[in-house]
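Colleague: Provided below: coords-v7.pdb, containing PDB, C-alpha atoms, pLDDT in the B column.
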ATOM      1  CA  MET A   1      15.990  44.300 -30.959  1.00 32.00           C
ATOM      2  CA  SER A   2      14.166  45.927 -28.126  1.00 36.00           C
ATOM      3  CA  GLY A   3      13.264  49.585 -28.183  1.00 38.00           C
ATOM      4  CA  ASN A   4      15.682  52.354 -27.273  1.00 44.00           C
ATOM      5  CA  ARG A   5      14.026  53.008 -23.923  1.00 43.00           C
ATOM      6  CA  THR A   6      14.590  49.430 -22.775  1.00 50.00           C
ATOM      7  CA  ASP A   7      18.192  49.417 -24.002  1.00 56.00           C
ATOM      8  CA  LEU A   8      18.961  52.699 -22.280  1.00 59.00           C
ATOM      9  CA  THR A   9      17.538  51.436 -18.991  1.00 84.00           C
ATOM     10  CA  LEU A  10      19.667  48.303 -19.300  1.00 90.00           C
ATOM     11  CA  GLN A  11      22.827  50.266 -20.087  1.00 94.00           C
ATOM     12  CA  ALA A  12      22.320  52.632 -17.163  1.00 94.00           C
ATOM     13  CA  SER A  13      21.684  49.806 -14.693  1.00 93.00           C
ATOM     14  CA  VAL A  14      24.701  47.828 -15.888  1.00 95.00           C
ATOM     15  CA  SER A  15      26.915  50.917 -15.742  1.00 96.00           C
ATOM     16  CA  GLN A  16      25.815  51.579 -12.179  1.00 94.00           C
ATOM     17  CA  ALA A  17      26.475  47.945 -11.263  1.00 94.00           C
ATOM     18  CA  LEU A  18      30.006  48.172 -12.660  1.00 96.00           C
ATOM     19  CA  LEU A  19      30.616  51.331 -10.650  1.00 96.00           C
ATOM     20  CA  ASP A  20      29.207  49.785  -7.473  1.00 94.00           C
ATOM     21  CA  ALA A  21      31.479  46.736  -7.855  1.00 96.00           C
ATOM     22  CA  GLY A  22      34.568  48.926  -8.224  1.00 96.00           C
ATOM     23  CA  CYS A  23      35.190  47.845 -11.815  1.00 97.00           C
ATOM     24  CA  VAL A  24      35.750  51.379 -13.142  1.00 97.00           C
ATOM     25  CA  ARG A  25      39.113  53.016 -12.564  1.00 97.00           C
ATOM     26  CA  PHE A  26      40.378  56.496 -13.394  1.00 96.00           C
ATOM     27  CA  ARG A  27      44.017  57.533 -13.459  1.00 90.00           C
ATOM     28  CA  SER A  28      45.043  61.184 -13.468  1.00 81.00           C
ATOM     29  CA  ASP A  29      48.838  60.866 -13.324  1.00 87.00           C
ATOM     30  CA  GLU A  30      49.379  58.726 -16.442  1.00 93.00           C
ATOM     31  CA  PRO A  31      47.176  56.876 -18.927  1.00 96.00           C
ATOM     32  CA  PHE A  32      46.286  53.215 -18.854  1.00 97.00           C
ATOM     33  CA  ARG A  33      48.194  51.373 -21.562  1.00 96.00           C
ATOM     34  CA  LEU A  34      46.189  48.603 -23.175  1.00 95.00           C
ATOM     35  CA  PRO A  35      47.853  45.463 -24.638  1.00 93.00           C
ATOM     36  CA  SER A  36      46.822  46.613 -28.109  1.00 93.00           C
ATOM     37  CA  GLY A  37      48.932  49.782 -27.803  1.00 96.00           C
ATOM     38  CA  TRP A  38      46.064  52.221 -27.239  1.00 97.00           C
ATOM     39  CA  THR A  39      46.066  54.491 -24.201  1.00 97.00           C
ATOM     40  CA  SER A  40      43.020  55.508 -22.182  1.00 97.00           C
ATOM     41  CA  PRO A  41      42.244  57.633 -19.099  1.00 97.00           C
ATOM     42  CA  VAL A  42      39.918  54.903 -17.807  1.00 98.00           C
ATOM     43  CA  TYR A  43      40.103  51.168 -17.242  1.00 97.00           C
ATOM     44  CA  ILE A  44      37.457  48.520 -16.688  1.00 97.00           C
ATOM     45  CA  ASP A  45      38.103  45.432 -14.553  1.00 97.00           C
ATOM     46  CA  CYS A  46      35.088  43.156 -15.011  1.00 96.00           C
ATOM     47  CA  ARG A  47      36.934  40.309 -13.299  1.00 95.00           C
ATOM     48  CA  ARG A  48      35.782  41.732  -9.976  1.00 96.00           C
ATOM     49  CA  LEU A  49      32.206  40.751 -10.830  1.00 96.00           C
ATOM     50  CA  ILE A  50      32.799  37.063 -10.082  1.00 95.00           C
ATOM     51  CA  SER A  51      32.929  37.954  -6.372  1.00 96.00           C
ATOM     52  CA  TYR A  52      29.340  39.256  -6.367  1.00 96.00           C
ATOM     53  CA  PRO A  53      26.866  36.364  -6.872  1.00 96.00           C
ATOM     54  CA  ALA A  54      23.675  38.418  -7.191  1.00 95.00           C
ATOM     55  CA  LEU A  55      25.311  40.929  -9.501  1.00 94.00           C
ATOM     56  CA  ARG A  56      26.952  38.406 -11.805  1.00 95.00           C
ATOM     57  CA  ARG A  57      23.701  36.422 -11.973  1.00 96.00           C
ATOM     58  CA  ALA A  58      21.760  39.538 -12.943  1.00 95.00           C
ATOM     59  CA  LEU A  59      24.293  40.537 -15.598  1.00 96.00           C
ATOM     60  CA  VAL A  60      24.290  37.089 -17.210  1.00 97.00           C
ATOM     61  CA  GLN A  61      20.501  37.093 -17.270  1.00 96.00           C
ATOM     62  CA  GLN A  62      20.478  40.591 -18.764  1.00 96.00           C
ATOM     63  CA  GLY A  63      22.908  39.452 -21.435  1.00 97.00           C
ATOM     64  CA  LEU A  64      20.669  36.562 -22.378  1.00 97.00           C
ATOM     65  CA  ALA A  65      17.633  38.842 -22.387  1.00 96.00           C
ATOM     66  CA  LEU A  66      19.440  41.184 -24.767  1.00 96.00           C
ATOM     67  CA  LEU A  67      20.280  38.309 -27.119  1.00 97.00           C
ATOM     68  CA  ARG A  68      16.712  37.056 -26.904  1.00 97.00           C
ATOM     69  CA  ASP A  69      15.324  40.509 -27.742  1.00 95.00           C
ATOM     70  CA  ARG A  70      17.610  40.600 -30.777  1.00 96.00           C
ATOM     71  CA  ASP A  71      16.590  37.063 -31.796  1.00 97.00           C
ATOM     72  CA  ARG A  72      20.154  35.762 -31.523  1.00 97.00           C
ATOM     73  CA  LEU A  73      19.616  32.734 -29.285  1.00 96.00           C
ATOM     74  CA  THR A  74      18.178  30.406 -31.908  1.00 93.00           C
ATOM     75  CA  GLY A  75      20.623  28.186 -33.746  1.00 92.00           C
ATOM     76  CA  ILE A  76      23.478  28.335 -31.247  1.00 97.00           C
ATOM     77  CA  ASP A  77      25.260  24.994 -30.906  1.00 98.00           C
ATOM     78  CA  VAL A  78      28.099  25.810 -28.512  1.00 98.00           C
ATOM     79  CA  ILE A  79      29.035  28.508 -25.994  1.00 98.00           C
ATOM     80  CA  ALA A  80      32.731  29.414 -26.152  1.00 98.00           C
ATOM     81  CA  GLY A  81      34.435  31.084 -23.203  1.00 98.00           C
ATOM     82  CA  ALA A  82      37.356  33.396 -23.916  1.00 98.00           C
ATOM     83  CA  GLU A  83      40.524  32.824 -21.877  1.00 96.00           C
ATOM     84  CA  SER A  84      40.637  33.684 -19.140  1.00 93.00           C
ATOM     85  CA  SER A  85      38.061  36.129 -17.819  1.00 95.00           C
ATOM     86  CA  GLY A  86      35.308  34.969 -20.145  1.00 97.00           C
ATOM     87  CA  ILE A  87      35.372  31.333 -19.066  1.00 98.00           C
ATOM     88  CA  ALA A  88      33.292  31.765 -15.910  1.00 97.00           C
ATOM     89  CA  PHE A  89      30.671  33.907 -17.644  1.00 98.00           C
ATOM     90  CA  ALA A  90      30.477  31.436 -20.533  1.00 98.00           C
ATOM     91  CA  ALA A  91      29.914  28.607 -18.067  1.00 98.00           C
ATOM     92  CA  TRP A  92      26.992  30.451 -16.472  1.00 98.00           C
ATOM     93  CA  VAL A  93      25.518  31.229 -19.915  1.00 98.00           C
ATOM     94  CA  ALA A  94      25.912  27.625 -21.075  1.00 98.00           C
ATOM     95  CA  GLU A  95      24.261  26.348 -17.895  1.00 98.00           C
ATOM     96  CA  LEU A  96      21.229  28.602 -18.312  1.00 98.00           C
ATOM     97  CA  LEU A  97      20.868  27.669 -21.984  1.00 98.00           C
ATOM     98  CA  ASN A  98      21.632  23.984 -21.368  1.00 98.00           C
ATOM     99  CA  LEU A  99      24.218  24.037 -24.164  1.00 98.00           C
ATOM    100  CA  PRO A 100      27.692  22.523 -24.575  1.00 98.00           C
ATOM    101  CA  MET A 101      30.659  24.737 -23.751  1.00 98.00           C
ATOM    102  CA  VAL A 102      34.268  24.996 -24.835  1.00 98.00           C
ATOM    103  CA  TYR A 103      36.929  27.512 -23.963  1.00 98.00           C
ATOM    104  CA  VAL A 104      39.433  29.177 -26.271  1.00 98.00           C
ATOM    105  CA  ARG A 105      43.014  29.970 -25.382  1.00 96.00           C
ATOM    106  CA  LYS A 106      44.665  33.152 -26.585  1.00 92.00           C
ATOM    107  CA  GLU A 107      47.550  31.081 -27.937  1.00 92.00           C
ATOM    108  CA  ALA A 108      47.897  27.413 -28.853  1.00 89.00           C
ATOM    109  CA  ARG A 109      49.556  25.175 -26.277  1.00 88.00           C
ATOM    110  CA  GLY A 110      51.040  21.972 -27.572  1.00 80.00           C
ATOM    111  CA  MET A 111      49.761  20.083 -30.595  1.00 75.00           C
ATOM    112  CA  GLY A 112      46.507  18.531 -31.662  1.00 72.00           C
ATOM    113  CA  PRO A 113      42.836  19.604 -31.780  1.00 65.00           C
ATOM    114  CA  ALA A 114      42.803  20.849 -28.184  1.00 73.00           C
ATOM    115  CA  ALA A 115      45.860  23.067 -28.568  1.00 89.00           C
ATOM    116  CA  GLN A 116      43.724  26.206 -28.558  1.00 95.00           C
ATOM    117  CA  VAL A 117      40.062  25.162 -28.367  1.00 96.00           C
ATOM    118  CA  VAL A 118      39.443  23.008 -25.303  1.00 96.00           C
ATOM    119  CA  GLY A 119      36.315  20.860 -25.328  1.00 96.00           C
ATOM    120  CA  ASP A 120      34.203  19.165 -27.970  1.00 95.00           C
ATOM    121  CA  ILE A 121      33.952  21.483 -30.979  1.00 95.00           C
ATOM    122  CA  ARG A 122      32.788  20.130 -34.328  1.00 94.00           C
ATOM    123  CA  PRO A 123      32.912  21.428 -37.895  1.00 95.00           C
ATOM    124  CA  GLY A 124      29.790  23.439 -38.617  1.00 97.00           C
ATOM    125  CA  ASP A 125      29.073  24.335 -34.987  1.00 98.00           C
ATOM    126  CA  ARG A 126      27.539  27.779 -34.572  1.00 98.00           C
ATOM    127  CA  VAL A 127      29.203  29.546 -31.667  1.00 98.00           C
ATOM    128  CA  LEU A 128      28.349  32.273 -29.201  1.00 98.00           C
ATOM    129  CA  LEU A 129      31.681  33.627 -27.940  1.00 98.00           C
ATOM    130  CA  VAL A 130      31.460  35.058 -24.420  1.00 98.00           C
ATOM    131  CA  ASP A 131      33.989  37.376 -22.768  1.00 98.00           C
ATOM    132  CA  ASP A 132      33.938  39.907 -19.978  1.00 97.00           C
ATOM    133  CA  MET A 133      34.931  42.932 -22.067  1.00 97.00           C
ATOM    134  CA  MET A 134      36.280  44.186 -25.364  1.00 97.00           C
ATOM    135  CA  ALA A 135      38.636  47.097 -26.019  1.00 97.00           C
ATOM    136  CA  ALA A 136      40.416  46.989 -29.384  1.00 95.00           C
ATOM    137  CA  GLY A 137      39.304  43.455 -30.250  1.00 95.00           C
ATOM    138  CA  ARG A 138      42.773  41.974 -30.661  1.00 94.00           C
ATOM    139  CA  SER A 139      42.089  38.974 -28.432  1.00 96.00           C
ATOM    140  CA  LYS A 140      38.710  38.434 -30.115  1.00 97.00           C
ATOM    141  CA  VAL A 141      40.538  38.079 -33.432  1.00 97.00           C
ATOM    142  CA  ALA A 142      42.684  35.296 -31.945  1.00 95.00           C
ATOM    143  CA  PHE A 143      39.606  33.534 -30.575  1.00 97.00           C
ATOM    144  CA  CYS A 144      37.714  33.792 -33.862  1.00 97.00           C
ATOM    145  CA  GLU A 145      40.721  32.501 -35.781  1.00 96.00           C
ATOM    146  CA  ALA A 146      41.000  29.474 -33.484  1.00 96.00           C
ATOM    147  CA  LEU A 147      37.305  28.650 -33.664  1.00 97.00           C
ATOM    148  CA  SER A 148      37.275  29.066 -37.442  1.00 96.00           C
ATOM    149  CA  ALA A 149      40.295  26.784 -37.746  1.00 94.00           C
ATOM    150  CA  ALA A 150      38.273  24.163 -35.845  1.00 94.00           C
ATOM    151  CA  GLY A 151      35.526  24.500 -38.443  1.00 96.00           C
ATOM    152  CA  ALA A 152      33.101  26.466 -36.271  1.00 97.00           C
ATOM    153  CA  THR A 153      31.307  29.711 -37.113  1.00 97.00           C
ATOM    154  CA  VAL A 154      31.343  32.591 -34.646  1.00 97.00           C
ATOM    155  CA  GLN A 155      27.898  34.062 -35.145  1.00 96.00           C
ATOM    156  CA  ASP A 156      27.776  36.328 -32.114  1.00 98.00           C
ATOM    157  CA  ILE A 157      30.028  37.776 -29.429  1.00 98.00           C
ATOM    158  CA  LEU A 158      28.591  38.717 -26.046  1.00 98.00           C
ATOM    159  CA  VAL A 159      30.601  40.952 -23.719  1.00 98.00           C
ATOM    160  CA  LEU A 160      29.543  42.634 -20.520  1.00 97.00           C
ATOM    161  CA  PHE A 161      31.420  45.792 -21.486  1.00 98.00           C
ATOM    162  CA  ASP A 162      32.671  47.254 -24.759  1.00 98.00           C
ATOM    163  CA  TYR A 163      34.941  50.300 -24.767  1.00 97.00           C
ATOM    164  CA  GLY A 164      33.010  51.454 -27.826  1.00 96.00           C
ATOM    165  CA  THR A 165      35.940  53.628 -28.890  1.00 96.00           C
ATOM    166  CA  PHE A 166      38.266  51.571 -31.072  1.00 95.00           C
ATOM    167  CA  PRO A 167      37.817  50.130 -34.612  1.00 94.00           C
ATOM    168  CA  THR A 168      36.797  46.625 -33.565  1.00 95.00           C
ATOM    169  CA  ALA A 169      34.553  46.184 -36.614  1.00 94.00           C
ATOM    170  CA  ASP A 170      37.634  46.472 -38.829  1.00 94.00           C
ATOM    171  CA  ALA A 171      39.543  43.963 -36.716  1.00 94.00           C
ATOM    172  CA  LEU A 172      36.680  41.464 -36.886  1.00 97.00           C
ATOM    173  CA  SER A 173      35.677  42.134 -40.505  1.00 96.00           C
ATOM    174  CA  ARG A 174      36.821  38.696 -41.655  1.00 96.00           C
ATOM    175  CA  TRP A 175      34.138  36.994 -39.543  1.00 96.00           C
ATOM    176  CA  LYS A 176      31.534  39.761 -39.226  1.00 95.00           C
ATOM    177  CA  PRO A 177      30.062  38.502 -35.943  1.00 97.00           C
ATOM    178  CA  ASN A 178      27.192  40.315 -34.279  1.00 97.00           C
ATOM    179  CA  VAL A 179      28.691  41.996 -31.204  1.00 97.00           C
ATOM    180  CA  HIS A 180      26.476  42.570 -28.162  1.00 97.00           C
ATOM    181  CA  ALA A 181      27.509  44.570 -25.100  1.00 97.00           C
ATOM    182  CA  LEU A 182      25.608  45.528 -21.986  1.00 97.00           C
ATOM    183  CA  ALA A 183      27.374  48.883 -21.579  1.00 97.00           C
ATOM    184  CA  THR A 184      30.083  51.180 -22.983  1.00 97.00           C
ATOM    185  CA  TRP A 185      32.131  54.082 -21.661  1.00 98.00           C
ATOM    186  CA  ARG A 186      29.510  56.514 -22.940  1.00 97.00           C
ATOM    187  CA  ASP A 187      26.916  54.763 -20.788  1.00 97.00           C
ATOM    188  CA  VAL A 188      29.206  54.966 -17.760  1.00 97.00           C
ATOM    189  CA  LEU A 189      29.786  58.666 -18.443  1.00 97.00           C
ATOM    190  CA  ASP A 190      26.025  59.296 -18.592  1.00 96.00           C
ATOM    191  CA  VAL A 191      25.612  57.749 -15.141  1.00 96.00           C
ATOM    192  CA  LEU A 192      28.597  59.633 -13.688  1.00 96.00           C
ATOM    193  CA  ASN A 193      27.358  62.949 -15.094  1.00 95.00           C
ATOM    194  CA  LYS A 194      24.234  62.540 -12.970  1.00 92.00           C
ATOM    195  CA  SER A 195      25.808  61.087  -9.836  1.00 91.00           C
ATOM    196  CA  GLY A 196      28.597  63.567  -9.146  1.00 88.00           C
ATOM    197  CA  ASP A 197      30.680  60.755  -7.647  1.00 90.00           C
ATOM    198  CA  VAL A 198      33.773  61.461  -9.761  1.00 93.00           C
ATOM    199  CA  PRO A 199      35.768  64.728  -9.847  1.00 94.00           C
ATOM    200  CA  GLU A 200      34.968  66.962 -12.790  1.00 95.00           C
ATOM    201  CA  ALA A 201      38.588  66.896 -13.973  1.00 95.00           C
ATOM    202  CA  GLU A 202      38.389  63.124 -14.470  1.00 96.00           C
ATOM    203  CA  LEU A 203      35.038  63.365 -16.223  1.00 96.00           C
ATOM    204  CA  SER A 204      36.432  66.070 -18.491  1.00 96.00           C
ATOM    205  CA  GLU A 205      39.328  63.798 -19.443  1.00 96.00           C
ATOM    206  CA  LEU A 206      36.923  60.965 -20.207  1.00 97.00           C
ATOM    207  CA  ARG A 207      34.841  63.276 -22.399  1.00 97.00           C
ATOM    208  CA  ALA A 208      37.976  64.347 -24.288  1.00 97.00           C
ATOM    209  CA  PHE A 209      38.927  60.718 -24.827  1.00 97.00           C
ATOM    210  CA  LEU A 210      35.469  59.762 -26.071  1.00 98.00           C
ATOM    211  CA  SER A 211      35.302  62.722 -28.449  1.00 98.00           C
ATOM    212  CA  ASP A 212      38.419  61.546 -30.337  1.00 97.00           C
ATOM    213  CA  PRO A 213      39.983  58.290 -29.038  1.00 97.00           C
ATOM    214  CA  PRO A 214      42.783  58.084 -31.674  1.00 96.00           C
ATOM    215  CA  HIS A 215      43.908  61.654 -31.025  1.00 97.00           C
ATOM    216  CA  TRP A 216      43.744  61.248 -27.232  1.00 97.00           C
ATOM    217  CA  SER A 217      45.677  57.986 -27.407  1.00 97.00           C
ATOM    218  CA  SER A 218      48.365  59.412 -29.678  1.00 97.00           C
ATOM    219  CA  ALA A 219      48.728  62.526 -27.495  1.00 97.00           C
ATOM    220  CA  HIS A 220      49.289  60.301 -24.463  1.00 96.00           C
ATOM    221  CA  GLY A 221      51.917  57.961 -25.889  1.00 96.00           C
ATOM    222  CA  GLY A 222      49.659  55.353 -27.486  1.00 97.00           C
ATOM    223  CA  ILE A 223      48.827  54.308 -31.017  1.00 95.00           C
ATOM    224  CA  ALA A 224      46.384  56.273 -33.128  1.00 93.00           C
ATOM    225  CA  GLY A 225      44.922  53.467 -35.210  1.00 83.00           C
TER     226      GLY A 225
END
Starting from the file, lay out its structure as structure tokens.
Modeller:
Amino acid sequence: MSGNRTDLTLQASVSQALLDAGCVRFRSDEPFRLPSGWTSPVYIDCRRLISYPALRRALVQQGLALLRDRDRLTGIDVIAGAESSGIAFAAWVAELLNLPMVYVRKEARGMGPAAQVVGDIRPGDRVLLVDDMMAAGRSKVAFCEALSAAGATVQDILVLFDYGTFPTADALSRWKPNVHALATWRDVLDVLNKSGDVPEAELSELRAFLSDPPHWSSAHGGIAG
């Protein structure tokens, strides 16, 4: 892994890029309700990044640099894109690494080997799963289950953004993949604290959420764990 100074520079630059692309959203009237049942005062929409060629190219390259620094690029057999937002990013990663790619559906469709994992996956393949973001990890569980059922091993998960607030390690404990993210909400908050671009009331709400996500979620109509 690279030193803390390099990581912090990366996290700050990625956070600023997400803000510049309009991926970060605040809501003061009511919380965002995530599919997992958690609530949050902020929402990330990394799907917008596909519209910015230079930005998406830089983020993919930064993701690969992070994996290279952590010595996680050796031994990968297949890049797996997570339906649906992770497919494009996985394709760009696979192209740069000159590796085969598959994509994984959230739910099986039909029967047969390609019901959930689309592409040529083989027993024993070591997989890098790529997605745009991770919140509670529920969809990552479905992807890991599908890849494992195909006989593959999910060694690493690369996401552009990780909420960094919910117990994803517990959700993924069966597979114990190494999870790599370019930025979290704490990184975004650090950038916003310096920029002054967001009203203090919204920043205060984000700080309250980050200090105790289960309590904030429960107090705003969501689950607490």
Colleague: If you count only C-alpha atoms, which residues fall within 10 Å of A:Trp92, apart from same-chain ones fewer than 3 positions away, as number ranges by chain?
Modeller: A: 56-57, 60-61, 79, 87-89, 95-98, 101
Colleague: Selected residues, C-alpha atoms, written as a PDB file, in the coordinates of the input, please.
Modeller:
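Writing the result to out-v6.pdb gives the following:
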ATOM      1  CA  ARG A  56      26.952  38.406 -11.805  1.00 95.00           C
ATOM      2  CA  ARG A  57      23.701  36.422 -11.973  1.00 96.00           C
ATOM      3  CA  VAL A  60      24.290  37.089 -17.210  1.00 97.00           C
ATOM      4  CA  GLN A  61      20.501  37.093 -17.270  1.00 96.00           C
ATOM      5  CA  ILE A  79      29.035  28.508 -25.994  1.00 98.00           C
ATOM      6  CA  ILE A  87      35.372  31.333 -19.066  1.00 98.00           C
ATOM      7  CA  ALA A  88      33.292  31.765 -15.910  1.00 97.00           C
ATOM      8  CA  PHE A  89      30.671  33.907 -17.644  1.00 98.00           C
ATOM      9  CA  GLU A  95      24.261  26.348 -17.895  1.00 98.00           C
ATOM     10  CA  LEU A  96      21.229  28.602 -18.312  1.00 98.00           C
ATOM     11  CA  LEU A  97      20.868  27.669 -21.984  1.00 98.00           C
ATOM     12  CA  ASN A  98      21.632  23.984 -21.368  1.00 98.00           C
ATOM     13  CA  MET A 101      30.659  24.737 -23.751  1.00 98.00           C
TER      14      MET A 101
END
Colleague: Of the candidates A:Ala12, A:Ala146, A:Val42, A:Leu34, which one gets nearest to A:Phe209 if we count only C-alpha atoms?
Modeller: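 Result for the nearest residue to A:Phe209: A:Val42.
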Colleague: Given the file shown, enumerate the residues that the PyMOL selection byres ((chain A and resi 191) around 12) captures and present them as a list in words.
Modeller: Leu8, Thr9, Leu10, Gln11, Ala12, Ser13, Val14, Ser15, Gln16, Ala17, Leu18, Leu19, Asp20, Ala183, Thr184, Trp185, Arg186, Asp187, Val188, Leu189, Asp190, Leu192, Asn193, Lys194, Ser195, Gly196, Asp197, Val198 and Leu203 of chain A
Colleague: Please enumerate the residues selected by the PyMOL selection byres ((chain A and resi 171) around 12) when evaluated against the supplied file, formatted as a PyMOL selection string.
Modeller: chain A and resi 36+134-142+144-145+166-170+172-177+225
Colleague: Atom CA of A:Gln155 to atom CA of A:Val93: how many Å, to one decimal?
Modeller: 15.7 Å
Colleague: Please determine, counting all atoms listed in the file, which residue among A:Ile44, A:Leu210, A:Ala21, A:Ile223 has the shortest atom-to-atom distance to A:Asp162.
Modeller: A:Ile44
Colleague: Check the smallest atom-to-atom distance from each of A:Asp69, A:Glu83, A:Glu205, A:Asp125 to A:Lys106 using only C-alpha atoms, then report the winner.
Modeller: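 The shortest atom-to-atom distance to A:Lys106 comes from A:Glu83.
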Colleague: Mind filling out stretch 17-24 of chain A with all heavy atoms and sending it as a tab-separated table (two decimals), in the coordinates of the input?
Modeller:
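Saved to result-v3.tsv:
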chain	number	residue	atom	x	y	z
A	17	ALA	N	25.99	49.17	-11.90
A	17	ALA	CA	26.48	47.94	-11.26
A	17	ALA	C	28.00	47.85	-11.35
A	17	ALA	O	28.67	47.46	-10.38
A	17	ALA	CB	25.83	46.73	-11.91
A	18	LEU	N	28.55	48.19	-12.49
A	18	LEU	CA	30.01	48.17	-12.66
A	18	LEU	C	30.69	49.17	-11.73
A	18	LEU	O	31.74	48.89	-11.15
A	18	LEU	CB	30.36	48.47	-14.11
A	18	LEU	CG	29.95	47.42	-15.15
A	18	LEU	CD1	30.13	47.96	-16.56
A	18	LEU	CD2	30.74	46.14	-14.97
A	19	LEU	N	30.07	50.33	-11.56
A	19	LEU	CA	30.62	51.33	-10.65
A	19	LEU	C	30.53	50.85	-9.20
A	19	LEU	O	31.48	50.98	-8.43
A	19	LEU	CB	29.86	52.65	-10.82
A	19	LEU	CG	30.12	53.39	-12.14
A	19	LEU	CD1	29.05	54.44	-12.39
A	19	LEU	CD2	31.50	54.04	-12.12
A	20	ASP	N	29.40	50.26	-8.84
A	20	ASP	CA	29.21	49.78	-7.47
A	20	ASP	C	30.20	48.68	-7.11
A	20	ASP	O	30.64	48.58	-5.95
A	20	ASP	CB	27.78	49.27	-7.29
A	20	ASP	CG	26.74	50.38	-7.34
A	20	ASP	OD1	27.13	51.56	-7.19
A	20	ASP	OD2	25.55	50.07	-7.54
A	21	ALA	N	30.55	47.85	-8.10
A	21	ALA	CA	31.48	46.74	-7.86
A	21	ALA	C	32.94	47.16	-7.92
A	21	ALA	O	33.83	46.33	-7.74
A	21	ALA	CB	31.22	45.62	-8.86
A	22	GLY	N	33.19	48.43	-8.17
A	22	GLY	CA	34.57	48.93	-8.22
A	22	GLY	C	35.31	48.54	-9.48
A	22	GLY	O	36.55	48.48	-9.48
A	23	CYS	N	34.56	48.28	-10.56
A	23	CYS	CA	35.19	47.84	-11.82
A	23	CYS	C	35.78	49.00	-12.62
A	23	CYS	O	36.63	48.78	-13.49
A	23	CYS	CB	34.17	47.10	-12.69
A	23	CYS	SG	33.48	45.62	-11.93
A	24	VAL	N	35.33	50.21	-12.36
A	24	VAL	CA	35.75	51.38	-13.14
A	24	VAL	C	36.88	52.10	-12.42
A	24	VAL	O	36.77	52.43	-11.23
A	24	VAL	CB	34.57	52.33	-13.36
A	24	VAL	CG1	35.03	53.60	-14.10
A	24	VAL	CG2	33.46	51.63	-14.15
